[in-house]
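The next block holds one structure in the form of structure tokens; read it before the comments.
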Amino acid sequence: MNKKRGIHYLLTLILLGAVLIAGCSGGGTNGNGNEAVSEGNKPTASEEPVKDKEPESLRMMVVNHPVWPFNENWPVYQNIKEATGISFDAEGVPGADYENALNLTIASGDLPDLLFLNNPQQANRFGAQGAFVDVTEHLDKMPNYKAFLEAHPDIKQSVTSADGKNYIMPNYGLGEQFRRVWLYREDVFEKHGLNVPTNYDELYDVALELKTLYPESYPLNFFDNLTTVTNIAPNFGTSAYNGTSELAYFDHGSKQWKYGPIEDNFKSMLEYLSKFYQAGLIPPDFMSLQRNQSRDLFAQDKGFMSADFIGIIDEYKAAIPDKPEFQLAYMPPIAGGPNGKQQNPFTAFQTSGFAIASTTEKLDAVIRYMDFMYSPEGIELVSWGKEGESFQIVNEKKEFKTDFKDFGDLRIQTGMVTNGSYAAMDFDAYLALASDTLNDAFGMVEQYEAIPQPRPAMTEEELQVLATVGQGIQKHYQENIARFIIGTRSLSEWDQYVKEANDLGVPQVVEVFKNAHDRALTMQ
């Protein structure tokens with residue numbers, strides 16, 4: 001679970017600090033009583049002398065979340081100012097407008113000191129044009145961020161450009177809630193004495209039984225186009241399209257890059273899905289069905305199993321207050337076919353982060369601030385707040401003092417872990433406000449998780465291949481997979497479908513991913 005990763009990261013920071021301050025007289029301790037990370041005799045940002053905490057205002061551009069838009073009066077920003085001397089003059093832009101606003105801002109040349117970015121691709125594109133600072137040139141002043149990268153080589157690879165530069169400092173921690181897993185109506189299964197399925201034949205049988213008990217239902221609550229196909233493909237030992245940046249996947253067993261939607265295992269998955277669809281176990285409009293409609297199916301006892309975000313265990317419970325018995329719970333992934341695997345895709349990562357404008361006149365302050373945000377003190381401050389004020393230690397465990405309804409309520413009231421207010425966060429703060437059922441789910445999820453996929457940076461030429469050849473393959477995939485499931489194209493035409501995909505350039509795209517990955521490995 002995240003706690004293990006968090007402990008590993010914090011231990012790495014502590015060990016790095018011990019090495020750096022060994023033999024030096026200026027070392028201290030951080031707020032947790034551990035040895036502080038330092039560079040020679042220079043303490044971390046959280047312990048720098050008052051002269052280095054002189055008030056400094058930084059301009060920042062962030063995506064405004066519709067529920068918790070930027071608010072300079074949030075307690076989190078007051079705490080940050082006390083700890084670092086940094087305050088912000090921020091511009092919040094609605095998410096739908098952010099891409100355009102970012103392009104216009106960069107084109108104008110009048111950049112804020114810090115810019116929130118949605119992904120490394122944005123950072124690398126504009127960084128190569130000279131808009132952003134290459135952070136690798138300043139790692140000697142950023143011991144906490146350097147330790148973070150060393151503790152997370154997969155993240156380091158994902159934020160490193162094709163030519164070895166680092167233009168984006170990533171968000172980390174909250175990605176744990178993005179896990180996609182199998183979920184089921186635990187209360188309904190218990191009511192009828194149903195067993196949780198472990199393979200797709202059992203899934204078919206229990207879904208049929210639920211269909212008999214609830215004739216108006218669609219037991220397999222699939223929605224949102226082909227998202228479910230992406231979520232369950234690892235059950236069959238393969239992978240599905242999830243955007244051109246993830247068009248191919250790395251088979252950790254064979255050490256080869258592959259295109260999942262032409263594999264025999266993928267065909268096996270479609271055979272099951274077609275069987276489910278023909279039996280009326282999947283909503284007939286699953287391609288156009290939206291999240292709120294899917295939630296209604298759960299609430300109306302018309303949907304009982306789904307592959308979706310783990311966090312809806314609590315979200316849907318709160319959204320259906322008039323049904324107190326309602327309970328979604330984690331279901332171990334189902335092995336698909338004779339070669340199937342009980343595994344979910346690894347989706348516990350974030351692509352967003354911060355870039356530093358190359359035009360900033362306050363580079364030292366920005367670097368000091370960002371390094372603090374990756375320190376144990378900084379992570380605690382933006383995840384929990386201040387001890388004695390917002391949280392307390394009870395039996396050696398942090399607990400929030402304020403009775404927040406949930407993590408969303410915490411963000412609204414305090415600004416903690418909102419766009420702009422954090423870089424890395426302690427996911428235990430999220431779990432502290434989660435239900436026992438959701439905590440139990442997070443306790444089981446890692447044992448069934450696929451190995452994370454490499455996310456190597458692409459060159460402009462490689463990106464061009466994905467934007468042209470890749471788009472054609474994407475369109476072919478989206479047009480045909482649903483047809484195979486619904487039955488408007490027979491799976492007897494599978495070999496022809498595979499030929500069509502290969503003729504569109506699948507081998508070329510797979511080679512692009514292989515080359516990018518090989519290049520990234522040489523930079524480690």
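We name chains A, B, ... following the order of the structure tokens; residues begin at 1 in each chain, and ligands are numbered from 1 as shown.
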
| message | Neighbouring residues of stretch 222-230 of chain A were defined as those with any atom within 8 Å, considering only C-alpha atoms; residues of the same chain fewer than 3 positions away were excluded. Please report them as a PyMOL selection string. | response | chain A and resi 233+239-242+282-283+285-291+294+306-308+478+482

| request: Quick one: pick out all strand (DSSP E or B) residues within stretch 350-446 of chain A from a backbone DSSP run and write them as an MDAnalysis selection string. | output: chainID A and resid 353:357 387 391:394 397:400 424

Write out, as CSV, each residue of stretch 400-494 of chain A that has an atom at most 12 Å from stretch 387-392 of chain A, together with the closest pair of atoms and their distance in Å to one decimal, counting only C-alpha atoms, rows going by chain and rising number.
```
residue,atom,partner,partner_atom,distance
A:Phe400,CA,A:Phe391,CA,4.1
A:Lys401,CA,A:Phe391,CA,4.9
A:Thr402,CA,A:Ser390,CA,6.2
A:Asp403,CA,A:Ser390,CA,9.8
A:Phe404,CA,A:Ser390,CA,10.3
A:Leu410,CA,A:Ser390,CA,10.2
A:Gln413,CA,A:Ser390,CA,11.2
A:Thr414,CA,A:Ser390,CA,9.4
A:Met416,CA,A:Ser390,CA,11.1
A:Ala429,CA,A:Phe391,CA,9.9
A:Ala432,CA,A:Phe391,CA,10.7
```

Mind writing the picked residues with N, CA and C atoms as a compact mmCIF listing (two decimals), in the first residue's frame?
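Written out: selection-v3.txt:
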```
# COMPACT_ATOMS: atom_id res chain seq x y z
N PHE A 400 -6.72 13.72 12.81
CA PHE A 400 -7.20 15.08 12.64
C PHE A 400 -8.03 15.48 13.86
N LYS A 401 -7.82 16.69 14.32
CA LYS A 401 -8.59 17.21 15.47
C LYS A 401 -9.96 17.71 15.02
N THR A 402 -10.00 18.31 13.84
CA THR A 402 -11.26 18.81 13.31
C THR A 402 -12.07 17.65 12.73
N ASP A 403 -13.37 17.69 12.92
CA ASP A 403 -14.24 16.62 12.45
C ASP A 403 -14.61 16.86 11.00
N PHE A 404 -13.64 16.64 10.10
CA PHE A 404 -13.92 16.78 8.67
C PHE A 404 -14.82 15.64 8.23
N LEU A 410 -11.96 18.37 3.92
CA LEU A 410 -10.66 18.87 4.39
C LEU A 410 -10.08 19.85 3.36
N GLN A 413 -12.03 23.22 3.33
CA GLN A 413 -11.86 24.06 4.51
C GLN A 413 -10.43 24.57 4.70
N THR A 414 -9.45 23.76 4.34
CA THR A 414 -8.06 24.11 4.65
C THR A 414 -7.20 24.42 3.43
N MET A 416 -5.55 22.20 1.92
CA MET A 416 -4.51 21.19 1.85
C MET A 416 -4.76 20.24 0.67
N ALA A 429 -3.02 10.73 5.37
CA ALA A 429 -3.99 11.78 5.72
C ALA A 429 -5.32 11.49 5.04
N ALA A 432 -6.95 8.56 6.85
CA ALA A 432 -7.46 8.91 8.18
C ALA A 432 -8.91 9.36 8.14
```

| Which one is closest to A:Phe349: A:Tyr172, A:Tyr184, A:Phe126, A:Tyr448? Count only C-alpha atoms. |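 Between A:Tyr172, A:Tyr184, A:Phe126, A:Tyr448, the residue approaching A:Phe349 most closely is A:Tyr172.
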
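Once A:Gly340 and its same-chain neighbours fewer than 6 positions away are set aside, A:Thr198, A:Asn199, A:Tyr200, A:Asp201, A:Ile232, A:Ala233, A:Pro234, A:Asn235, A:Phe236, A:Gly237, A:Thr238, A:Asp264, A:Asn265, A:Phe266, A:Ser268, A:Met269, A:Pro333, A:Ile334 remain within 12 Å of it when counting only C-alpha atoms.
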
With C-alpha atoms retained, export the selected residues as a PDB file, in the first residue's frame.
```
ATOM      1  CA  THR A 198     -12.626 -15.735  -8.909  1.00  0.00           C
ATOM      2  CA  ASN A 199     -12.732 -16.399 -12.668  1.00  0.00           C
ATOM      3  CA  TYR A 200     -14.857 -15.256 -15.592  1.00  0.00           C
ATOM      4  CA  ASP A 201     -16.964 -18.416 -15.745  1.00  0.00           C
ATOM      5  CA  ILE A 232     -10.029  -5.454 -16.891  1.00  0.00           C
ATOM      6  CA  ALA A 233      -7.513  -6.240 -19.654  1.00  0.00           C
ATOM      7  CA  PRO A 234      -4.789  -7.148 -17.089  1.00  0.00           C
ATOM      8  CA  ASN A 235      -7.145  -9.917 -15.837  1.00  0.00           C
ATOM      9  CA  PHE A 236      -6.351 -11.601 -19.154  1.00  0.00           C
ATOM     10  CA  GLY A 237      -2.634 -10.847 -19.072  1.00  0.00           C
ATOM     11  CA  THR A 238      -2.849  -8.117 -21.689  1.00  0.00           C
ATOM     12  CA  ASP A 264      -5.054 -13.805 -28.403  1.00  0.00           C
ATOM     13  CA  ASN A 265      -5.660 -13.017 -24.721  1.00  0.00           C
ATOM     14  CA  PHE A 266      -7.440  -9.834 -25.775  1.00  0.00           C
ATOM     15  CA  SER A 268     -10.473 -14.174 -25.174  1.00  0.00           C
ATOM     16  CA  MET A 269     -11.575 -11.151 -23.135  1.00  0.00           C
ATOM     17  CA  PRO A 333      -9.555  -9.125  -9.502  1.00  0.00           C
ATOM     18  CA  ILE A 334     -10.940 -11.992 -11.529  1.00  0.00           C
TER      19      ILE A 334
END
```

| With only C-alpha atoms as the basis for distance, which of A:Gln293, A:Thr437, A:Gln453, A:Ser490 is at the shortest distance from A:Leu183? |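 Smallest distance to A:Leu183 is found for A:Thr437.
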
Residues of stretch 61-134 of chain A at most 12 Å from stretch 160-163 of chain A: nearest atom pair and distance in Å, only C-alpha atoms, as a tab-separated table:
```
residue	atom	partner	partner_atom	distance
A:Asn119	CA	A:Thr160	CA	11.7
A:Pro120	CA	A:Ser161	CA	8.0
A:Gln121	CA	A:Ser161	CA	8.5
A:Gln122	CA	A:Ser161	CA	10.7
A:Ala123	CA	A:Ser161	CA	8.7
A:Asn124	CA	A:Ser161	CA	5.9
A:Arg125	CA	A:Ser161	CA	9.1
A:Phe126	CA	A:Ser161	CA	11.2
A:Gly127	CA	A:Ser161	CA	9.1
A:Ala128	CA	A:Ser161	CA	9.0
A:Asp134	CA	A:Ser161	CA	9.9
```

| query | Which distance in Å separates atom CA of A:Asn171 and atom CA of A:Ala424, to one decimal? | reply | 5.4 Å

| Nearest candidate to A:Val63 (options A:Ser352, A:Thr105, A:Gln496, A:Asn395; using only C-alpha atoms) |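 Answer, going by the shortest atom-to-atom distance: A:Ser352.
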
| message | Under the rule that only C-alpha atoms are counted, which of A:Gly337, A:Gly130, A:Gly109, A:Gly164 is the nearest residue to A:Glu271? | response | A:Gly337

| said: I want to know what sits within 12 Å of A:Ala457, based on only C-alpha atoms, with residues of the same chain fewer than 2 positions away left out; could you give that as a ChimeraX atom specification? | reply: /A:119-125,154-167,245-246,454-455,459-463,512-521,523

| message | Quick check, in Å to one decimal: how far apart do atom CA of A:Phe132 and atom CA of A:Ala355 lie? | response |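 Going from atom CA of A:Phe132 over to atom CA of A:Ala355 covers 6.3 Å.
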
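Relative to atom CA of A:Asp187, atom CA of A:Pro219 is found at 14.0 Å.
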
| said: From a backbone DSSP assignment, name each residue in stretch 402-492 of chain A labelled helix (DSSP H, G or I), as a PyMOL selection string. | reply: chain A and resi 407-414+428-431+436-448+460-486+491-492
